[in-house]
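Asks: Next up, query14.tsv (TSV, C-alpha atoms).
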chain	number	residue	atom	x	y	z
A	1	MET	CA	0.00	0.00	0.00
A	2	GLU	CA	1.34	3.44	-0.92
A	3	ARG	CA	1.81	6.03	1.77
A	4	PRO	CA	-0.88	8.75	1.64
A	5	GLU	CA	0.40	11.97	0.14
A	6	VAL	CA	-0.91	15.51	0.60
A	7	LEU	CA	-0.54	18.13	-2.14
A	8	THR	CA	2.03	16.03	-3.96
A	9	ASP	CA	1.12	15.93	-7.65
A	10	LEU	CA	3.44	18.78	-8.60
A	11	ASP	CA	4.33	17.83	-12.18
A	12	VAL	CA	2.59	20.46	-14.31
A	13	ALA	CA	3.60	18.58	-17.44
A	14	GLY	CA	1.34	15.71	-16.40
A	15	THR	CA	3.91	12.94	-16.20
A	16	HIS	CA	3.37	10.14	-13.71
A	17	ARG	CA	5.59	8.13	-11.44
A	18	PRO	CA	6.72	4.94	-13.15
A	19	ALA	CA	5.48	1.68	-11.73
A	20	ALA	CA	7.83	-0.23	-9.47
A	21	GLY	CA	10.36	-2.22	-11.44
A	22	THR	CA	9.67	-0.49	-14.79
A	23	ALA	CA	12.36	2.22	-14.55
A	24	LYS	CA	15.75	2.64	-13.02
A	25	SER	CA	15.67	4.04	-9.52
A	26	VAL	CA	16.62	7.74	-9.32
A	27	MET	CA	18.91	8.94	-6.53
A	28	LYS	CA	16.48	11.44	-5.04
A	29	LYS	CA	17.68	14.49	-3.14
A	30	LEU	CA	14.34	15.76	-1.79
A	31	PRO	CA	11.63	14.05	0.31
A	32	GLU	CA	8.26	12.63	-0.58
A	33	VAL	CA	5.56	15.16	0.26
A	34	THR	CA	3.41	13.33	2.80
A	35	LEU	CA	1.41	14.36	5.84
A	36	ALA	CA	4.59	13.90	7.90
A	37	PHE	CA	6.30	16.40	5.59
A	38	TRP	CA	3.77	19.10	6.45
A	39	ILE	CA	3.95	18.37	10.19
A	40	MET	CA	7.75	18.76	10.09
A	41	LYS	CA	7.41	21.90	7.96
A	42	ILE	CA	5.15	23.55	10.54
A	43	ALA	CA	7.45	22.47	13.39
A	44	ALA	CA	10.52	23.85	11.56
A	45	THR	CA	8.86	27.15	10.71
A	46	THR	CA	7.56	27.65	14.24
A	47	LEU	CA	11.08	27.03	15.55
A	48	GLY	CA	12.42	29.39	12.90
A	49	GLU	CA	10.18	32.14	14.28
A	50	THR	CA	11.12	31.64	17.94
A	51	ALA	CA	14.84	31.14	17.20
A	52	GLY	CA	15.01	34.18	14.91
A	53	ASP	CA	13.37	36.31	17.60
A	54	LEU	CA	15.69	34.80	20.22
A	55	PHE	CA	18.80	36.08	18.41
A	56	ALA	CA	17.42	39.38	17.13
A	57	GLN	CA	15.28	40.51	20.07
A	58	THR	CA	16.00	38.53	23.23
A	59	LEU	CA	19.78	38.57	22.76
A	60	LYS	CA	19.46	42.07	21.23
A	61	LEU	CA	21.69	41.39	18.24
A	62	GLY	CA	19.25	43.29	16.07
A	63	TYR	CA	17.68	42.44	12.72
A	64	PHE	CA	20.67	43.55	10.64
A	65	LEU	CA	23.41	41.48	12.28
A	66	THR	CA	21.11	38.51	12.84
A	67	THR	CA	20.02	38.51	9.21
A	68	ILE	CA	23.64	38.44	8.04
A	69	ALA	CA	24.57	35.67	10.50
A	70	LEU	CA	21.54	33.50	9.76
A	71	PHE	CA	21.91	33.95	6.00
A	72	LEU	CA	25.48	32.64	6.32
A	73	VAL	CA	24.10	29.68	8.31
A	74	PHE	CA	21.64	29.09	5.46
A	75	VAL	CA	24.48	29.11	2.91
A	76	VAL	CA	26.51	26.59	4.94
A	77	THR	CA	23.56	24.22	5.41
A	78	LEU	CA	22.66	24.56	1.72
A	79	VAL	CA	26.20	23.66	0.64
A	80	VAL	CA	25.98	20.51	2.77
A	81	GLN	CA	22.58	19.64	1.24
A	82	LEU	CA	23.75	20.27	-2.33
A	83	GLY	CA	26.87	18.20	-1.72
A	84	SER	CA	24.87	15.20	-0.52
A	85	ARG	CA	24.38	12.46	-3.11
A	86	ARG	CA	20.97	11.41	-1.84
A	87	TYR	CA	18.14	12.55	0.39
A	88	ASN	CA	19.19	12.91	4.02
A	89	PRO	CA	16.40	14.11	6.37
A	90	PHE	CA	18.85	15.85	8.73
A	91	PHE	CA	20.47	17.81	5.89
A	92	TYR	CA	17.16	18.70	4.25
A	93	TRP	CA	15.31	19.82	7.36
A	94	THR	CA	18.32	21.75	8.65
A	95	VAL	CA	18.15	23.85	5.49
A	96	ILE	CA	14.39	24.32	5.96
A	97	LEU	CA	15.06	25.46	9.53
A	98	SER	CA	17.83	27.84	8.45
A	99	THR	CA	15.58	29.39	5.76
A	100	SER	CA	12.87	29.83	8.40
A	101	MET	CA	15.22	31.56	10.84
A	102	ALA	CA	16.79	33.74	8.15
A	103	GLY	CA	13.34	34.47	6.71
A	104	THR	CA	12.13	35.66	10.12
A	105	THR	CA	14.83	38.31	10.51
A	106	MET	CA	14.90	39.22	6.79
A	107	SER	CA	11.19	39.95	6.97
A	108	ASP	CA	11.56	41.92	10.20
A	109	PHE	CA	14.45	43.94	8.75
A	110	MET	CA	12.44	44.75	5.61
A	111	ASN	CA	9.17	45.64	7.32
A	112	ARG	CA	10.05	47.10	10.71
A	113	ASP	CA	11.92	50.13	12.07
A	114	ALA	CA	13.08	51.54	15.42
A	115	SER	CA	9.69	52.87	16.48
A	116	ALA	CA	8.23	52.04	19.87
A	117	LYS	CA	5.77	49.69	18.17
A	118	TYR	CA	8.54	47.18	17.55
A	119	LEU	CA	10.79	47.87	20.55
A	120	SER	CA	9.89	46.97	24.11
A	121	ASP	CA	11.00	47.91	27.62
A	122	GLY	CA	11.77	51.49	26.66
A	123	ALA	CA	14.59	50.50	24.28
A	124	THR	CA	15.53	53.02	21.60
A	125	SER	CA	17.56	50.67	19.41
A	126	LEU	CA	18.11	46.98	18.79
A	127	GLY	CA	21.62	45.85	18.01
A	128	TRP	CA	24.25	47.38	15.79
A	129	GLY	CA	23.56	48.72	12.33
A	130	PRO	CA	20.30	49.75	10.62
A	131	GLN	CA	17.26	49.02	12.77
A	132	GLY	CA	15.13	48.16	9.75
A	133	LEU	CA	13.97	49.51	6.41
A	134	GLY	CA	10.46	50.25	7.68
A	135	LEU	CA	8.76	49.27	4.42
A	136	GLY	CA	5.69	47.91	6.18
A	137	TYR	CA	4.01	44.55	5.65
A	138	PRO	CA	2.08	45.35	2.40
A	139	ALA	CA	5.12	46.79	0.59
A	140	GLY	CA	7.41	44.07	1.90
A	141	ALA	CA	4.96	41.35	0.82
A	142	ALA	CA	4.59	42.90	-2.64
A	143	ILE	CA	8.38	42.87	-3.14
A	144	LEU	CA	8.69	39.28	-1.97
A	145	ILE	CA	5.79	38.09	-4.13
A	146	SER	CA	7.43	39.75	-7.15
A	147	VAL	CA	10.76	38.03	-6.42
A	148	LEU	CA	9.01	34.68	-5.96
A	149	LEU	CA	7.18	35.06	-9.27
A	150	VAL	CA	10.49	35.82	-11.02
A	151	ILE	CA	12.01	32.64	-9.56
A	152	PHE	CA	9.05	30.58	-10.78
A	153	ALA	CA	9.25	32.21	-14.22
A	154	VAL	CA	12.94	31.31	-14.51
A	155	TRP	CA	12.14	27.82	-13.25
A	156	LYS	CA	9.40	27.43	-15.88
A	157	LEU	CA	11.60	28.74	-18.70
A	158	SER	CA	14.36	26.33	-17.71
A	159	ARG	CA	11.91	23.49	-18.49
A	160	MET	CA	12.95	21.66	-15.33
A	161	THR	CA	10.33	19.74	-13.40
A	162	PHE	CA	8.37	21.21	-10.51
A	163	GLN	CA	7.90	17.65	-9.19
A	164	ILE	CA	9.83	17.69	-5.92
A	165	ARG	CA	10.52	13.97	-5.87
A	166	ASP	CA	12.05	14.25	-9.39
A	167	ILE	CA	14.42	17.18	-8.73
A	168	VAL	CA	17.89	15.64	-8.94
A	169	THR	CA	20.00	18.32	-10.68
A	170	PHE	CA	22.06	21.10	-9.11
A	171	ARG	CA	20.16	23.81	-11.06
A	172	GLY	CA	16.82	22.34	-10.07
A	173	GLU	CA	17.78	22.26	-6.40
A	174	ALA	CA	19.16	25.81	-6.58
A	175	LEU	CA	15.83	27.09	-7.93
A	176	PHE	CA	13.92	25.05	-5.35
A	177	TRP	CA	15.89	26.43	-2.41
A	178	SER	CA	15.71	30.00	-3.76
A	179	ALA	CA	11.92	29.67	-3.83
A	180	ILE	CA	11.94	28.17	-0.33
A	181	LEU	CA	13.96	31.05	1.15
A	182	VAL	CA	11.75	33.73	-0.42
A	183	SER	CA	8.50	31.91	0.39
A	184	ASN	CA	9.51	31.52	4.04
A	185	THR	CA	10.36	35.23	4.23
A	186	LEU	CA	7.02	36.08	2.59
A	187	GLY	CA	5.20	33.78	4.98
A	188	THR	CA	6.80	35.53	7.94
A	189	SER	CA	5.55	38.89	6.68
A	190	MET	CA	2.05	37.47	6.31
A	191	GLY	CA	2.13	35.95	9.79
A	192	ASP	CA	3.36	39.15	11.43
A	193	PHE	CA	0.69	41.14	9.60
A	194	LEU	CA	-2.04	38.78	10.83
A	195	SER	CA	-0.70	38.85	14.40
A	196	ASP	CA	0.23	42.53	14.73
A	197	SER	CA	-1.87	44.57	12.30
A	198	SER	CA	-5.01	42.67	11.33
A	199	GLY	CA	-6.65	42.68	14.75
A	200	LEU	CA	-7.03	38.89	14.72
A	201	GLY	CA	-4.28	38.29	17.26
A	202	TYR	CA	-2.06	35.21	17.41
A	203	ALA	CA	-4.78	32.59	17.89
A	204	GLY	CA	-7.11	34.24	15.37
A	205	GLY	CA	-4.35	34.46	12.76
A	206	ALA	CA	-3.47	30.80	13.26
A	207	LEU	CA	-7.12	29.77	12.89
A	208	LEU	CA	-7.47	31.81	9.69
A	209	VAL	CA	-4.40	30.20	8.12
A	210	THR	CA	-5.56	26.74	9.21
A	211	GLY	CA	-8.89	27.37	7.52
A	212	ALA	CA	-7.13	28.50	4.33
A	213	LEU	CA	-5.04	25.31	4.34
A	214	ALA	CA	-8.22	23.23	4.71
A	215	VAL	CA	-9.61	24.98	1.62
A	216	LEU	CA	-6.44	24.08	-0.31
A	217	VAL	CA	-6.85	20.42	0.64
A	218	ALA	CA	-10.45	20.54	-0.63
A	219	LEU	CA	-9.29	22.14	-3.90
A	220	MET	CA	-7.12	19.10	-4.56
A	221	LYS	CA	-10.34	17.43	-5.75
A	222	VAL	CA	-10.93	20.17	-8.36
A	223	PRO	CA	-9.22	19.09	-11.62
A	224	VAL	CA	-8.83	22.61	-13.03
A	225	VAL	CA	-6.62	23.76	-10.12
A	226	PRO	CA	-2.98	22.65	-10.62
A	227	ASN	CA	-1.60	20.87	-7.59
A	228	VAL	CA	1.74	22.59	-8.13
A	229	LEU	CA	-0.01	25.90	-7.40
A	230	LEU	CA	-1.73	24.45	-4.35
A	231	PHE	CA	1.57	23.10	-3.02
A	232	TRP	CA	3.38	26.44	-3.15
A	233	ILE	CA	0.43	28.34	-1.68
A	234	ALA	CA	0.36	25.78	1.12
A	235	PHE	CA	4.12	26.06	1.55
A	236	VAL	CA	3.84	29.84	1.96
A	237	LEU	CA	0.83	29.58	4.29
A	238	THR	CA	2.46	27.09	6.65
A	239	ARG	CA	5.04	29.80	7.37
A	240	PRO	CA	2.56	32.34	8.79
A	241	LEU	CA	0.98	29.45	10.70
A	242	GLY	CA	4.40	28.79	12.24
A	243	ALA	CA	4.95	32.51	12.80
A	244	THR	CA	1.66	33.04	14.62
A	245	ALA	CA	2.14	29.84	16.61
A	246	GLY	CA	5.65	30.96	17.58
A	247	ASP	CA	4.40	34.39	18.63
A	248	PHE	CA	1.57	32.77	20.60
A	249	LEU	CA	4.14	30.71	22.53
A	250	THR	CA	6.58	33.55	23.24
A	251	LYS	CA	4.68	36.84	23.51
A	252	PRO	CA	3.42	38.24	26.85
A	253	VAL	CA	0.02	37.22	28.19
A	254	ALA	CA	-1.07	40.87	27.97
A	255	LYS	CA	-0.60	40.67	24.20
A	256	GLY	CA	-2.44	37.37	23.86
A	257	GLY	CA	0.53	35.01	24.11
A	258	LEU	CA	1.58	32.32	26.57
A	259	ASP	CA	4.80	34.13	27.61
A	260	LEU	CA	6.93	30.95	27.47
A	261	GLY	CA	9.93	32.92	26.22
A	262	THR	CA	11.96	32.52	23.05
A	263	ALA	CA	14.68	30.40	24.67
A	264	GLY	CA	12.38	27.86	26.32
A	265	SER	CA	10.05	27.62	23.33
A	266	SER	CA	12.97	27.20	20.93
A	267	ALA	CA	14.50	24.43	23.06
A	268	VAL	CA	11.23	22.46	23.17
A	269	LEU	CA	10.57	22.92	19.45
A	270	LEU	CA	14.15	21.93	18.62
A	271	ALA	CA	13.74	18.69	20.58
A	272	ILE	CA	10.47	17.95	18.76
A	273	LEU	CA	12.00	18.69	15.36
A	274	PHE	CA	15.07	16.54	16.00
A	275	GLY	CA	12.81	13.70	17.11
A	276	LEU	CA	10.83	13.98	13.86
A	277	MET	CA	14.06	14.15	11.85
A	278	ALA	CA	15.36	11.00	13.53
A	279	TYR	CA	12.09	9.22	12.75
A	280	ALA	CA	12.30	10.37	9.12
A	281	GLN	CA	15.91	9.14	8.94
A	282	VAL	CA	14.90	5.67	10.15
A	283	ARG	CA	12.03	5.49	7.66
A	284	GLU	CA	14.28	6.63	4.82
A	285	ARG	CA	16.84	3.93	5.61
A	286	ARG	CA	14.13	1.28	5.70
A	287	THR	CA	12.70	2.49	2.38
A	288	THR	CA	16.14	2.53	0.75
A	289	ALA	CA	16.87	-0.96	2.02
A	290	SER	CA	13.53	-2.23	0.71
A	291	VAL	CA	14.10	-0.69	-2.73
A	292	THR	CA	17.62	-2.11	-2.92
A	293	GLU	CA	16.34	-5.57	-1.97
A	294	ALA	CA	13.52	-5.38	-4.52
A	295	GLU	CA	15.92	-4.33	-7.29
A	296	ALA	CA	18.28	-7.18	-6.37
A	297	VAL	CA	15.44	-9.70	-6.58
A	298	SER	CA	14.13	-8.35	-9.90
A	299	ARG	CA	17.58	-8.10	-11.51
A	300	PRO	CA	17.90	-10.89	-14.13
A	301	ALA	CA	20.53	-13.53	-13.43
A	302	ARG	CA	23.53	-13.57	-15.74
Re-express the file's structure as structure tokens.

Replies:
Amino acid sequence: MERPEVLTDLDVAGTHRPAAGTAKSVMKKLPEVTLAFWIMKIAATTLGETAGDLFAQTLKLGYFLTTIALFLVFVVTLVVQLGSRRYNPFFYWTVILSTSMAGTTMSDFMNRDASAKYLSDGATSLGWGPQGLGLGYPAGAAILISVLLVIFAVWKLSRMTFQIRDIVTFRGEALFWSAILVSNTLGTSMGDFLSDSSGLGYAGGALLVTGALAVLVALMKVPVVPNVLLFWIAFVLTRPLGATAGDFLTKPVAKGGLDLGTAGSSAVLLAILFGLMAYAQVRERRTTASVTEAEAVSRPAR
């Protein structure tokens, strides 16, 4: 029995996965998109929100320095992922986490400034360097959406597949991770807008995004809506879900949060994510062993 997949039919060209034993196995670099994938994505993005705020706000490094540091972390984790010859859950989800952390501070740096609205406890500055560009959430989101559309246009013109499980080239992975970084930054902007400016609050913003994701799942049954479009909308929306959930965990009770702190929340979320990564690693090894055994059995004797 095949594992159930959610928002997985990403091949806009309409090709299908070959039946077992009819084609040579491809050394995949990216995971199957299952329900477990989305659970880990939400966990990683929630941790990205709390960890990004931990460095930028709690430790008072500021958005500018933290963005530079976390972008370098993203580059290092990406180099490791690109250098891997096959899918490794620890490598893959570490890059997802680094894009979530970098996306958090990149969004904050773009949208915020040194006004009292964004600084607490009477502080007049936050870290060294520019406090933020102060573009605001609508302008910041418009810029990020434009950049994301450009990436998808280049991806489309390159004629490389959008099917995640079939991305095995360096160029394909580079486009994929570029889209991931920008979509996580965009999702942070959306989450902060819902939490801070929409009047919905943290819980209300999370419920709204959850409802939107439920609509996307329902649209999977509508043939005219490409699943590749649904996947990327869902990928963006899980980021504001993580952002609002992270804010709900860390912000003061007076602001509608649980006031668990960025350090404590990040530690708990990191433990959960590493547990999920370890589980994914075990499943991947079992799957690889099963495929290798099946290929050995089906290989004709010489």

Asks: Counting all atoms listed in the file, what is within 7 Å of A:Leu194, bar same-chain residues fewer than 6 positions away, as a PyMOL selection string?

Replies: chain A and resi 200-201+205

Asks: Within 9 Å of stretch 237-242 of chain A, counting all atoms listed in the file, which residues show up once you throw out same-chain ones fewer than 3 positions away? Write them as number ranges by chain, please.

Replies: A: 38, 41-49, 100, 183-192, 194, 205-210, 212-213, 232-234, 245-247

Asks: Residues as selected, C-alpha atoms, written as a PDB file, keeping the file's coordinate frame, can you do that?

Replies:
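So the final result, stored in part-v6.pdb, reads:
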ATOM      1  CA  TRP A  38       3.770  19.100   6.450  1.00  0.00           C
ATOM      2  CA  LYS A  41       7.410  21.900   7.960  1.00  0.00           C
ATOM      3  CA  ILE A  42       5.150  23.550  10.540  1.00  0.00           C
ATOM      4  CA  ALA A  43       7.450  22.470  13.390  1.00  0.00           C
ATOM      5  CA  ALA A  44      10.520  23.850  11.560  1.00  0.00           C
ATOM      6  CA  THR A  45       8.860  27.150  10.710  1.00  0.00           C
ATOM      7  CA  THR A  46       7.560  27.650  14.240  1.00  0.00           C
ATOM      8  CA  LEU A  47      11.080  27.030  15.550  1.00  0.00           C
ATOM      9  CA  GLY A  48      12.420  29.390  12.900  1.00  0.00           C
ATOM     10  CA  GLU A  49      10.180  32.140  14.280  1.00  0.00           C
ATOM     11  CA  SER A 100      12.870  29.830   8.400  1.00  0.00           C
ATOM     12  CA  SER A 183       8.500  31.910   0.390  1.00  0.00           C
ATOM     13  CA  ASN A 184       9.510  31.520   4.040  1.00  0.00           C
ATOM     14  CA  THR A 185      10.360  35.230   4.230  1.00  0.00           C
ATOM     15  CA  LEU A 186       7.020  36.080   2.590  1.00  0.00           C
ATOM     16  CA  GLY A 187       5.200  33.780   4.980  1.00  0.00           C
ATOM     17  CA  THR A 188       6.800  35.530   7.940  1.00  0.00           C
ATOM     18  CA  SER A 189       5.550  38.890   6.680  1.00  0.00           C
ATOM     19  CA  MET A 190       2.050  37.470   6.310  1.00  0.00           C
ATOM     20  CA  GLY A 191       2.130  35.950   9.790  1.00  0.00           C
ATOM     21  CA  ASP A 192       3.360  39.150  11.430  1.00  0.00           C
ATOM     22  CA  LEU A 194      -2.040  38.780  10.830  1.00  0.00           C
ATOM     23  CA  GLY A 205      -4.350  34.460  12.760  1.00  0.00           C
ATOM     24  CA  ALA A 206      -3.470  30.800  13.260  1.00  0.00           C
ATOM     25  CA  LEU A 207      -7.120  29.770  12.890  1.00  0.00           C
ATOM     26  CA  LEU A 208      -7.470  31.810   9.690  1.00  0.00           C
ATOM     27  CA  VAL A 209      -4.400  30.200   8.120  1.00  0.00           C
ATOM     28  CA  THR A 210      -5.560  26.740   9.210  1.00  0.00           C
ATOM     29  CA  ALA A 212      -7.130  28.500   4.330  1.00  0.00           C
ATOM     30  CA  LEU A 213      -5.040  25.310   4.340  1.00  0.00           C
ATOM     31  CA  TRP A 232       3.380  26.440  -3.150  1.00  0.00           C
ATOM     32  CA  ILE A 233       0.430  28.340  -1.680  1.00  0.00           C
ATOM     33  CA  ALA A 234       0.360  25.780   1.120  1.00  0.00           C
ATOM     34  CA  ALA A 245       2.140  29.840  16.610  1.00  0.00           C
ATOM     35  CA  GLY A 246       5.650  30.960  17.580  1.00  0.00           C
ATOM     36  CA  ASP A 247       4.400  34.390  18.630  1.00  0.00           C
TER      37      ASP A 247
END

Asks: Taking into account all atoms listed in the file, which residue in the set A:Thr244, A:Thr77, A:Gln163, A:Asn88 is nearest to A:Thr104?

Replies: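 Distance minimum relative to A:Thr104 lands on A:Thr244.
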
Asks: Could you check which of A:Thr94, A:Ser115, A:Ser197, A:Thr288 is closest to A:Leu276, using all atoms listed in the file?

Replies: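 Closest residue, counting all atoms listed in the file: A:Thr94.
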
Asks: Go through A:Val217, A:Ala179, A:Ala139, A:Val75 and flag the residue nearest A:Ser107, using all atoms listed in the file for the distances.

Replies: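 Once distances to A:Ser107 are computed over all atoms listed in the file, the minimum belongs to A:Ala139.
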
Asks: Any chance you could work out the axis-aligned box around stretch 274-293 of chain A, listed atoms only, 5 Å on each side, giving centre and edge lengths in Å to one decimal, as AutoDock Vina command-line options?

Replies:
--center_x 14.2 --center_y 5.5 --center_z 7.1 --size_x 16.8 --size_y 32.1 --size_z 30.0

Asks: In the coordinate frame of the file, compute which residues have an atom within 10 Å of (16.5, 20.5, -5.2) when using only C-alpha atoms, and state them as a list in words.

Replies: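 In the file's frame, the residues around the point are Lys28, Lys29, Leu30, Pro31, Gln81, Leu82, Tyr87, Tyr92, Phe162, Gln163, Ile164, Arg165, Asp166, Ile167, Val168, Thr169, Phe170, Arg171, Gly172, Glu173, Ala174, Leu175, Phe176, Trp177 and Ser178 of chain A.
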